[in-house]
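Shown next: start_2.cif, containing mmCIF, C-alpha atoms and all ligand atoms.
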data_model
loop_
_atom_site.group_PDB
_atom_site.id
_atom_site.type_symbol
_atom_site.label_atom_id
_atom_site.label_comp_id
_atom_site.auth_asym_id
_atom_site.auth_seq_id
_atom_site.Cartn_x
_atom_site.Cartn_y
_atom_site.Cartn_z
ATOM 1 C CA MET A 1 -25.041 -50.531 -9.110
ATOM 2 C CA THR A 2 -24.580 -51.907 -5.624
ATOM 3 C CA ASP A 3 -26.870 -52.855 -2.792
ATOM 4 C CA VAL A 4 -28.154 -50.317 -0.324
ATOM 5 C CA ARG A 5 -26.333 -50.127 3.003
ATOM 6 C CA VAL A 6 -27.114 -48.423 6.291
ATOM 7 C CA ASP A 7 -23.943 -47.976 8.344
ATOM 8 C CA HIS A 8 -23.863 -46.910 11.969
ATOM 9 C CA GLY A 9 -21.413 -45.529 14.493
ATOM 10 C CA VAL A 10 -21.534 -43.804 17.864
ATOM 11 C CA THR A 11 -19.559 -40.740 18.882
ATOM 12 C CA ALA A 12 -19.388 -38.855 22.181
ATOM 13 C CA GLY A 13 -19.259 -35.172 23.066
ATOM 14 C CA THR A 14 -21.410 -32.479 24.614
ATOM 15 C CA PHE A 15 -24.787 -30.823 24.100
ATOM 16 C CA SER A 16 -25.213 -27.239 25.267
ATOM 17 C CA LEU A 17 -28.358 -25.105 25.372
ATOM 18 C CA ASP A 18 -29.783 -22.486 27.708
ATOM 19 C CA GLY A 19 -26.435 -22.162 29.497
ATOM 20 C CA GLU A 20 -26.136 -25.820 30.487
ATOM 21 C CA THR A 21 -23.841 -28.492 29.057
ATOM 22 C CA PHE A 22 -24.349 -32.255 29.096
ATOM 23 C CA GLU A 23 -22.239 -35.249 28.064
ATOM 24 C CA VAL A 24 -23.992 -37.112 25.256
ATOM 25 C CA GLU A 25 -23.450 -39.960 22.831
ATOM 26 C CA ASN A 26 -24.868 -39.504 19.336
ATOM 27 C CA ASN A 27 -25.578 -42.037 16.636
ATOM 28 C CA ILE A 28 -23.917 -41.619 13.246
ATOM 29 C CA TRP A 29 -26.109 -42.899 10.385
ATOM 30 C CA VAL A 30 -24.806 -43.204 6.850
ATOM 31 C CA VAL A 31 -27.151 -44.506 4.131
ATOM 32 C CA GLY A 32 -26.153 -45.339 0.574
ATOM 33 C CA ASN A 33 -24.319 -48.005 -1.377
ATOM 34 C CA ASP A 34 -20.677 -48.972 -1.849
ATOM 35 C CA ASP A 35 -20.021 -45.882 -3.971
ATOM 36 C CA GLU A 36 -22.024 -42.981 -2.548
ATOM 37 C CA CYS A 37 -23.878 -42.041 0.598
ATOM 38 C CA LEU A 38 -25.807 -39.496 2.638
ATOM 39 C CA VAL A 39 -24.589 -38.610 6.131
ATOM 40 C CA ILE A 40 -27.386 -37.969 8.627
ATOM 41 C CA ASP A 41 -26.181 -35.397 11.188
ATOM 42 C CA ALA A 42 -22.618 -34.376 11.953
ATOM 43 C CA PRO A 43 -22.015 -34.909 15.675
ATOM 44 C CA HIS A 44 -18.816 -34.289 17.643
ATOM 45 C CA SER A 45 -16.017 -35.847 15.564
ATOM 46 C CA VAL A 46 -15.073 -35.701 11.872
ATOM 47 C CA PRO A 47 -12.783 -38.783 12.123
ATOM 48 C CA ASP A 48 -15.558 -40.840 13.780
ATOM 49 C CA ILE A 49 -17.987 -39.900 10.983
ATOM 50 C CA GLU A 50 -15.434 -40.467 8.222
ATOM 51 C CA ALA A 51 -14.771 -43.942 9.635
ATOM 52 C CA VAL A 52 -18.420 -44.778 8.929
ATOM 53 C CA ILE A 53 -18.321 -43.130 5.481
ATOM 54 C CA GLY A 54 -15.354 -45.325 4.576
ATOM 55 C CA GLY A 55 -14.078 -43.212 1.692
ATOM 56 C CA ARG A 56 -17.348 -43.142 -0.248
ATOM 57 C CA ARG A 57 -18.575 -40.065 -2.130
ATOM 58 C CA VAL A 58 -20.855 -38.032 0.160
ATOM 59 C CA LEU A 59 -23.810 -36.489 -1.664
ATOM 60 C CA ALA A 60 -25.035 -34.412 1.273
ATOM 61 C CA ILE A 61 -24.920 -33.934 5.028
ATOM 62 C CA VAL A 62 -28.564 -34.066 6.045
ATOM 63 C CA CYS A 63 -29.234 -32.465 9.448
ATOM 64 C CA THR A 64 -32.257 -33.726 11.394
ATOM 65 C CA HIS A 65 -32.106 -30.483 13.399
ATOM 66 C CA ALA A 66 -29.590 -27.872 14.481
ATOM 67 C CA HIS A 67 -28.813 -28.680 18.124
ATOM 68 C CA ASP A 68 -25.067 -28.413 18.554
ATOM 69 C CA ASP A 69 -24.584 -32.125 19.253
ATOM 70 C CA HIS A 70 -25.999 -32.855 15.764
ATOM 71 C CA VAL A 71 -24.277 -30.139 13.697
ATOM 72 C CA ARG A 72 -21.074 -29.326 15.588
ATOM 73 C CA VAL A 73 -18.675 -30.577 12.889
ATOM 74 C CA ALA A 74 -20.974 -30.088 9.873
ATOM 75 C CA PRO A 75 -18.979 -27.233 8.282
ATOM 76 C CA GLU A 76 -15.645 -29.020 8.820
ATOM 77 C CA LEU A 77 -17.008 -32.311 7.471
ATOM 78 C CA ALA A 78 -18.655 -30.541 4.509
ATOM 79 C CA GLU A 79 -15.337 -29.026 3.522
ATOM 80 C CA ASP A 80 -13.460 -32.291 4.024
ATOM 81 C CA VAL A 81 -15.810 -34.443 1.902
ATOM 82 C CA ASP A 82 -16.963 -31.631 -0.438
ATOM 83 C CA ALA A 83 -20.683 -32.057 0.248
ATOM 84 C CA PRO A 84 -23.504 -29.580 0.951
ATOM 85 C CA ILE A 85 -25.138 -29.179 4.371
ATOM 86 C CA LEU A 86 -28.939 -29.442 4.255
ATOM 87 C CA LEU A 87 -31.155 -28.114 7.081
ATOM 88 C CA HIS A 88 -34.798 -27.105 7.450
ATOM 89 C CA PRO A 89 -34.923 -23.269 7.418
ATOM 90 C CA ASP A 90 -37.042 -23.162 10.590
ATOM 91 C CA ASP A 91 -33.888 -24.187 12.505
ATOM 92 C CA ALA A 92 -31.829 -21.245 11.183
ATOM 93 C CA GLU A 93 -31.936 -19.497 14.553
ATOM 94 C CA VAL A 94 -30.825 -22.644 16.406
ATOM 95 C CA TRP A 95 -28.051 -23.256 13.852
ATOM 96 C CA ALA A 96 -26.742 -19.703 14.366
ATOM 97 C CA LEU A 97 -26.153 -20.419 18.078
ATOM 98 C CA THR A 98 -23.412 -22.879 17.057
ATOM 99 C CA HIS A 99 -22.284 -21.574 13.674
ATOM 100 C CA PRO A 100 -22.855 -17.797 13.528
ATOM 101 C CA GLY A 101 -21.878 -16.361 10.156
ATOM 102 C CA ILE A 102 -22.097 -19.721 8.360
ATOM 103 C CA GLU A 103 -25.183 -20.699 6.348
ATOM 104 C CA PRO A 104 -26.314 -24.228 5.482
ATOM 105 C CA ASP A 105 -26.050 -24.894 1.739
ATOM 106 C CA GLY A 106 -29.642 -25.895 1.071
ATOM 107 C CA PRO A 107 -33.120 -26.185 2.635
ATOM 108 C CA LEU A 108 -34.721 -29.475 3.703
ATOM 109 C CA MET A 109 -38.328 -28.730 2.815
ATOM 110 C CA ASP A 110 -41.175 -31.075 3.711
ATOM 111 C CA GLY A 111 -41.774 -33.551 0.887
ATOM 112 C CA LYS A 112 -38.309 -33.149 -0.651
ATOM 113 C CA ARG A 113 -36.842 -36.421 -1.963
ATOM 114 C CA ILE A 114 -33.119 -37.013 -1.661
ATOM 115 C CA VAL A 115 -31.877 -39.779 -3.930
ATOM 116 C CA VAL A 116 -28.856 -41.933 -3.140
ATOM 117 C CA GLY A 117 -28.103 -45.009 -5.212
ATOM 118 C CA ASP A 118 -31.369 -46.785 -5.987
ATOM 119 C CA ILE A 119 -33.349 -45.348 -3.091
ATOM 120 C CA ALA A 120 -34.830 -42.054 -1.947
ATOM 121 C CA LEU A 121 -35.218 -40.466 1.455
ATOM 122 C CA GLU A 122 -38.321 -38.333 1.882
ATOM 123 C CA VAL A 123 -38.177 -35.316 4.189
ATOM 124 C CA LEU A 124 -40.915 -35.232 6.845
ATOM 125 C CA HIS A 125 -41.044 -31.889 8.673
ATOM 126 C CA THR A 126 -41.697 -32.887 12.298
ATOM 127 C CA PRO A 127 -41.395 -29.746 14.460
ATOM 128 C CA GLY A 128 -41.510 -29.894 18.250
ATOM 129 C CA HIS A 129 -38.061 -30.879 19.528
ATOM 130 C CA SER A 130 -36.991 -27.837 17.520
ATOM 131 C CA PRO A 131 -38.911 -25.774 14.934
ATOM 132 C CA GLY A 132 -36.969 -27.216 11.994
ATOM 133 C CA SER A 133 -36.700 -30.844 13.106
ATOM 134 C CA VAL A 134 -37.141 -33.327 10.271
ATOM 135 C CA CYS A 135 -37.270 -37.096 9.863
ATOM 136 C CA LEU A 136 -35.956 -38.900 6.784
ATOM 137 C CA TYR A 137 -38.165 -41.736 5.562
ATOM 138 C CA SER A 138 -37.214 -44.391 3.049
ATOM 139 C CA PRO A 139 -40.192 -46.508 1.905
ATOM 140 C CA ASP A 140 -37.719 -48.676 -0.045
ATOM 141 C CA LEU A 141 -35.716 -49.531 3.082
ATOM 142 C CA GLY A 142 -38.663 -49.501 5.488
ATOM 143 C CA VAL A 143 -36.612 -47.167 7.664
ATOM 144 C CA VAL A 144 -37.167 -43.728 9.157
ATOM 145 C CA PHE A 145 -34.326 -41.698 10.672
ATOM 146 C CA THR A 146 -35.926 -39.628 13.418
ATOM 147 C CA GLY A 147 -33.116 -37.558 14.927
ATOM 148 C CA ASP A 148 -34.372 -36.402 18.338
ATOM 149 C CA THR A 149 -38.090 -36.412 17.426
ATOM 150 C CA LEU A 150 -38.824 -40.046 18.387
ATOM 151 C CA PHE A 151 -36.714 -42.371 20.531
ATOM 152 C CA GLU A 152 -37.107 -45.876 21.827
ATOM 153 C CA GLY A 153 -39.447 -45.031 24.688
ATOM 154 C CA GLY A 154 -41.170 -41.942 23.372
ATOM 155 C CA PRO A 155 -40.847 -38.373 22.107
ATOM 156 C CA GLY A 156 -37.653 -36.339 22.235
ATOM 157 C CA ALA A 157 -37.106 -33.715 24.907
ATOM 158 C CA THR A 158 -39.096 -30.491 24.788
ATOM 159 C CA GLY A 159 -38.042 -28.824 28.035
ATOM 160 C CA ARG A 160 -35.664 -26.254 26.556
ATOM 161 C CA SER A 161 -35.766 -23.192 24.321
ATOM 162 C CA PHE A 162 -37.216 -23.598 20.811
ATOM 163 C CA SER A 163 -39.080 -26.794 21.846
ATOM 164 C CA ASP A 164 -42.808 -27.452 22.240
ATOM 165 C CA HIS A 165 -44.351 -30.610 23.696
ATOM 166 C CA ASP A 166 -47.800 -30.436 22.052
ATOM 167 C CA THR A 167 -46.119 -29.789 18.703
ATOM 168 C CA ILE A 168 -43.813 -32.828 18.931
ATOM 169 C CA VAL A 169 -46.717 -35.072 19.960
ATOM 170 C CA ALA A 170 -48.744 -33.842 16.968
ATOM 171 C CA SER A 171 -45.761 -34.389 14.632
ATOM 172 C CA ILE A 172 -45.274 -37.949 15.880
ATOM 173 C CA GLN A 173 -48.952 -38.821 15.666
ATOM 174 C CA GLN A 174 -49.539 -37.246 12.243
ATOM 175 C CA ARG A 175 -46.277 -37.979 10.431
ATOM 176 C CA LEU A 176 -44.616 -40.993 12.129
ATOM 177 C CA PHE A 177 -47.423 -43.111 13.605
ATOM 178 C CA THR A 178 -49.046 -43.067 10.154
ATOM 179 C CA LEU A 179 -46.046 -44.890 8.622
ATOM 180 C CA PRO A 180 -46.233 -48.691 8.201
ATOM 181 C CA PRO A 181 -45.965 -50.190 11.731
ATOM 182 C CA GLU A 182 -43.096 -52.465 10.708
ATOM 183 C CA THR A 183 -40.945 -49.425 9.827
ATOM 184 C CA THR A 184 -37.576 -49.447 11.599
ATOM 185 C CA VAL A 185 -36.801 -46.259 13.536
ATOM 186 C CA HIS A 186 -33.136 -45.205 13.665
ATOM 187 C CA THR A 187 -32.775 -42.488 16.301
ATOM 188 C CA GLY A 188 -30.320 -39.704 17.080
ATOM 189 C CA HIS A 189 -29.352 -41.196 20.444
ATOM 190 C CA GLY A 190 -29.599 -44.721 21.829
ATOM 191 C CA SER A 191 -31.253 -47.834 20.478
ATOM 192 C CA SER A 192 -33.314 -48.270 17.342
ATOM 193 C CA THR A 193 -36.979 -49.220 17.594
ATOM 194 C CA THR A 194 -40.010 -49.671 15.340
ATOM 195 C CA ILE A 195 -43.145 -47.617 14.752
ATOM 196 C CA ARG A 196 -45.193 -50.553 16.091
ATOM 197 C CA ALA A 197 -43.223 -50.745 19.356
ATOM 198 C CA GLU A 198 -43.719 -47.016 19.989
ATOM 199 C CA LEU A 199 -47.404 -47.126 18.991
ATOM 200 C CA ASP A 200 -47.978 -49.963 21.462
ATOM 201 C CA ARG A 201 -46.272 -48.097 24.300
ATOM 202 C CA PRO A 202 -48.614 -46.575 26.878
ATOM 203 C CA SER A 203 -48.497 -42.815 26.333
ATOM 204 C CA GLU A 204 -48.650 -40.093 28.956
ATOM 205 C CA ASP A 205 -50.898 -38.231 26.522
ATOM 206 C CA ALA A 206 -53.324 -41.113 25.982
HETATM 207 ZN ZN ZN B 301 -31.668 -32.318 19.829
#

For the file at hand, write its structure as structure tokens.
Ligand SMILES: [Zn+2]
Amino acid sequence: MTDVRVDHGVTAGTFSLDGETFEVENNIWVVGNDDECLVIDAPHSVPDIEAVIGGRRVLAIVCTHAHDDHVRVAPELAEDVDAPILLHPDDAEVWALTHPGIEPDGPLMDGKRIVVGDIALEVLHTPGHSPGSVCLYSPDLGVVFTGDTLFEGGPGATGRSFSDHDTIVASIQQRLFTLPPETTVHTGHGSSTTIRAELDRPSEDA
């Protein structure tokens, strides 16, 4: 039994949707212990992700949503580390834009608990940025991994296909702003924050 670790990396590539392509940097989050881990999202580069894994057994690749900058190398990584890809079924249509003919290995349903080492991550279905966006919350760590649902500075983007602004605001208010304020927020892009810092931020919807 070893202590829980959260390891982090950054990898660069592109995000494409609605016929446009953007350069983006994505966070790589790996949570577990010295022996086993969960990989949260599979952006851009298998070697960059495997550098963060560091040879540990991967129990699952947990996708916060199916935008191509978060799942681009998921099938290749899954084969390389022999782990299943988990995705909320409401993002099946978005997933198919990047990986037609390939299915994720399992569904990330709201309330599901994924155990790694001595801790569990709870799936919070937080639609809005995409229909099947989820956050992964660990009460034990006091951490929530929010993908592109909540960033330092506010909600994720909702200007493109499959997104809805009112839905993401409701998800954040009902599922994230109800977590303990001291909870650390590890995001899909950019800096980490806390629930308290985002609660205290003046909101355009206030
Ligand atoms: Zn996204």

Which of A:Pro180, A:Gly147, A:Pro127, A:Gly153 sits closest to ligand ZN 301 (chain B) [using all atoms listed in the file]: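 Result for the nearest residue to ligand ZN 301 (chain B): A:Gly147.
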
Contact residues around A:Asp7 with only C-alpha atoms at 7 Å, ignoring same-chain residues under 5 positions, as a PyMOL selection string: chain A and resi 29-31+52

Applied to the shown file, which residues does the PyMOL selection byres (((chain A and resi 176) around 9) and not hetatm) return, written as a PDB file with C-alpha atoms, in the coordinates of the input?
ATOM      1  CA  LEU A 124     -40.915 -35.232   6.845  1.00  0.00           C
ATOM      2  CA  THR A 126     -41.697 -32.887  12.298  1.00  0.00           C
ATOM      3  CA  CYS A 135     -37.270 -37.096   9.863  1.00  0.00           C
ATOM      4  CA  VAL A 144     -37.167 -43.728   9.157  1.00  0.00           C
ATOM      5  CA  THR A 146     -35.926 -39.628  13.418  1.00  0.00           C
ATOM      6  CA  LEU A 150     -38.824 -40.046  18.387  1.00  0.00           C
ATOM      7  CA  SER A 171     -45.761 -34.389  14.632  1.00  0.00           C
ATOM      8  CA  ILE A 172     -45.274 -37.949  15.880  1.00  0.00           C
ATOM      9  CA  GLN A 173     -48.952 -38.821  15.666  1.00  0.00           C
ATOM     10  CA  GLN A 174     -49.539 -37.246  12.243  1.00  0.00           C
ATOM     11  CA  ARG A 175     -46.277 -37.979  10.431  1.00  0.00           C
ATOM     12  CA  PHE A 177     -47.423 -43.111  13.605  1.00  0.00           C
ATOM     13  CA  THR A 178     -49.046 -43.067  10.154  1.00  0.00           C
ATOM     14  CA  LEU A 179     -46.046 -44.890   8.622  1.00  0.00           C
ATOM     15  CA  PRO A 180     -46.233 -48.691   8.201  1.00  0.00           C
ATOM     16  CA  ILE A 195     -43.145 -47.617  14.752  1.00  0.00           C
TER      17      ILE A 195
END

Å distance separating atom CA of A:Gly128 from atom CA of A:Asp91, one decimal place: 11.1 Å

Atom CA of A:Asp48 to atom CA of A:Asp18, distance in Å rounded to a single decimal: 27.1 Å

Ligand ZN 301 (chain B) neighbours within 12 Å using all atoms listed in the file, as a PyMOL selection string: chain A and resi 14-17+22+24-27+41+43+63-72+91+94-95+127-134+146-151+155-163+187-189

Spatial neighbours of A:His88, max dist 7 Å, all atoms listed in the file, sep filter under 6 positions, as a ChimeraX atom specification: /A:107-109,132

File for stretch 63-96 of chain A (C-alpha atoms), as a PDB file, in the first residue's frame:
ATOM      1  CA  CYS A  63     -12.427  10.738 -20.461  1.00  0.00           C
ATOM      2  CA  THR A  64     -13.946  13.964 -19.117  1.00  0.00           C
ATOM      3  CA  HIS A  65     -15.564  14.428 -22.541  1.00  0.00           C
ATOM      4  CA  ALA A  66     -14.988  13.481 -26.159  1.00  0.00           C
ATOM      5  CA  HIS A  67     -13.576  16.617 -27.803  1.00  0.00           C
ATOM      6  CA  ASP A  68     -10.687  15.531 -29.985  1.00  0.00           C
ATOM      7  CA  ASP A  69      -8.052  17.325 -27.902  1.00  0.00           C
ATOM      8  CA  HIS A  70      -9.057  15.119 -24.929  1.00  0.00           C
ATOM      9  CA  VAL A  71      -9.451  11.724 -26.642  1.00  0.00           C
ATOM     10  CA  ARG A  72      -7.194  11.884 -29.705  1.00  0.00           C
ATOM     11  CA  VAL A  73      -4.760   9.168 -28.565  1.00  0.00           C
ATOM     12  CA  ALA A  74      -7.154   7.237 -26.292  1.00  0.00           C
ATOM     13  CA  PRO A  75      -7.370   4.099 -28.477  1.00  0.00           C
ATOM     14  CA  GLU A  76      -3.592   4.013 -29.043  1.00  0.00           C
ATOM     15  CA  LEU A  77      -2.863   4.566 -25.345  1.00  0.00           C
ATOM     16  CA  ALA A  78      -5.483   1.972 -24.329  1.00  0.00           C
ATOM     17  CA  GLU A  79      -3.794  -0.632 -26.485  1.00  0.00           C
ATOM     18  CA  ASP A  80      -0.319   0.324 -25.281  1.00  0.00           C
ATOM     19  CA  VAL A  81      -1.120   0.152 -21.541  1.00  0.00           C
ATOM     20  CA  ASP A  82      -3.904  -2.472 -21.825  1.00  0.00           C
ATOM     21  CA  ALA A  83      -6.583  -0.383 -20.109  1.00  0.00           C
ATOM     22  CA  PRO A  84     -10.249   0.326 -20.913  1.00  0.00           C
ATOM     23  CA  ILE A  85     -11.506   3.698 -22.172  1.00  0.00           C
ATOM     24  CA  LEU A  86     -14.414   5.070 -20.127  1.00  0.00           C
ATOM     25  CA  LEU A  87     -16.735   7.801 -21.474  1.00  0.00           C
ATOM     26  CA  HIS A  88     -20.226   9.063 -20.665  1.00  0.00           C
ATOM     27  CA  PRO A  89     -22.589   7.665 -23.346  1.00  0.00           C
ATOM     28  CA  ASP A  90     -24.083  11.107 -24.038  1.00  0.00           C
ATOM     29  CA  ASP A  91     -20.782  11.984 -25.768  1.00  0.00           C
ATOM     30  CA  ALA A  92     -20.973   9.022 -28.183  1.00  0.00           C
ATOM     31  CA  GLU A  93     -21.801  11.301 -31.106  1.00  0.00           C
ATOM     32  CA  VAL A  94     -18.896  13.646 -30.315  1.00  0.00           C
ATOM     33  CA  TRP A  95     -16.525  10.682 -29.884  1.00  0.00           C
ATOM     34  CA  ALA A  96     -17.522   9.338 -33.319  1.00  0.00           C
TER      35      ALA A  96
END
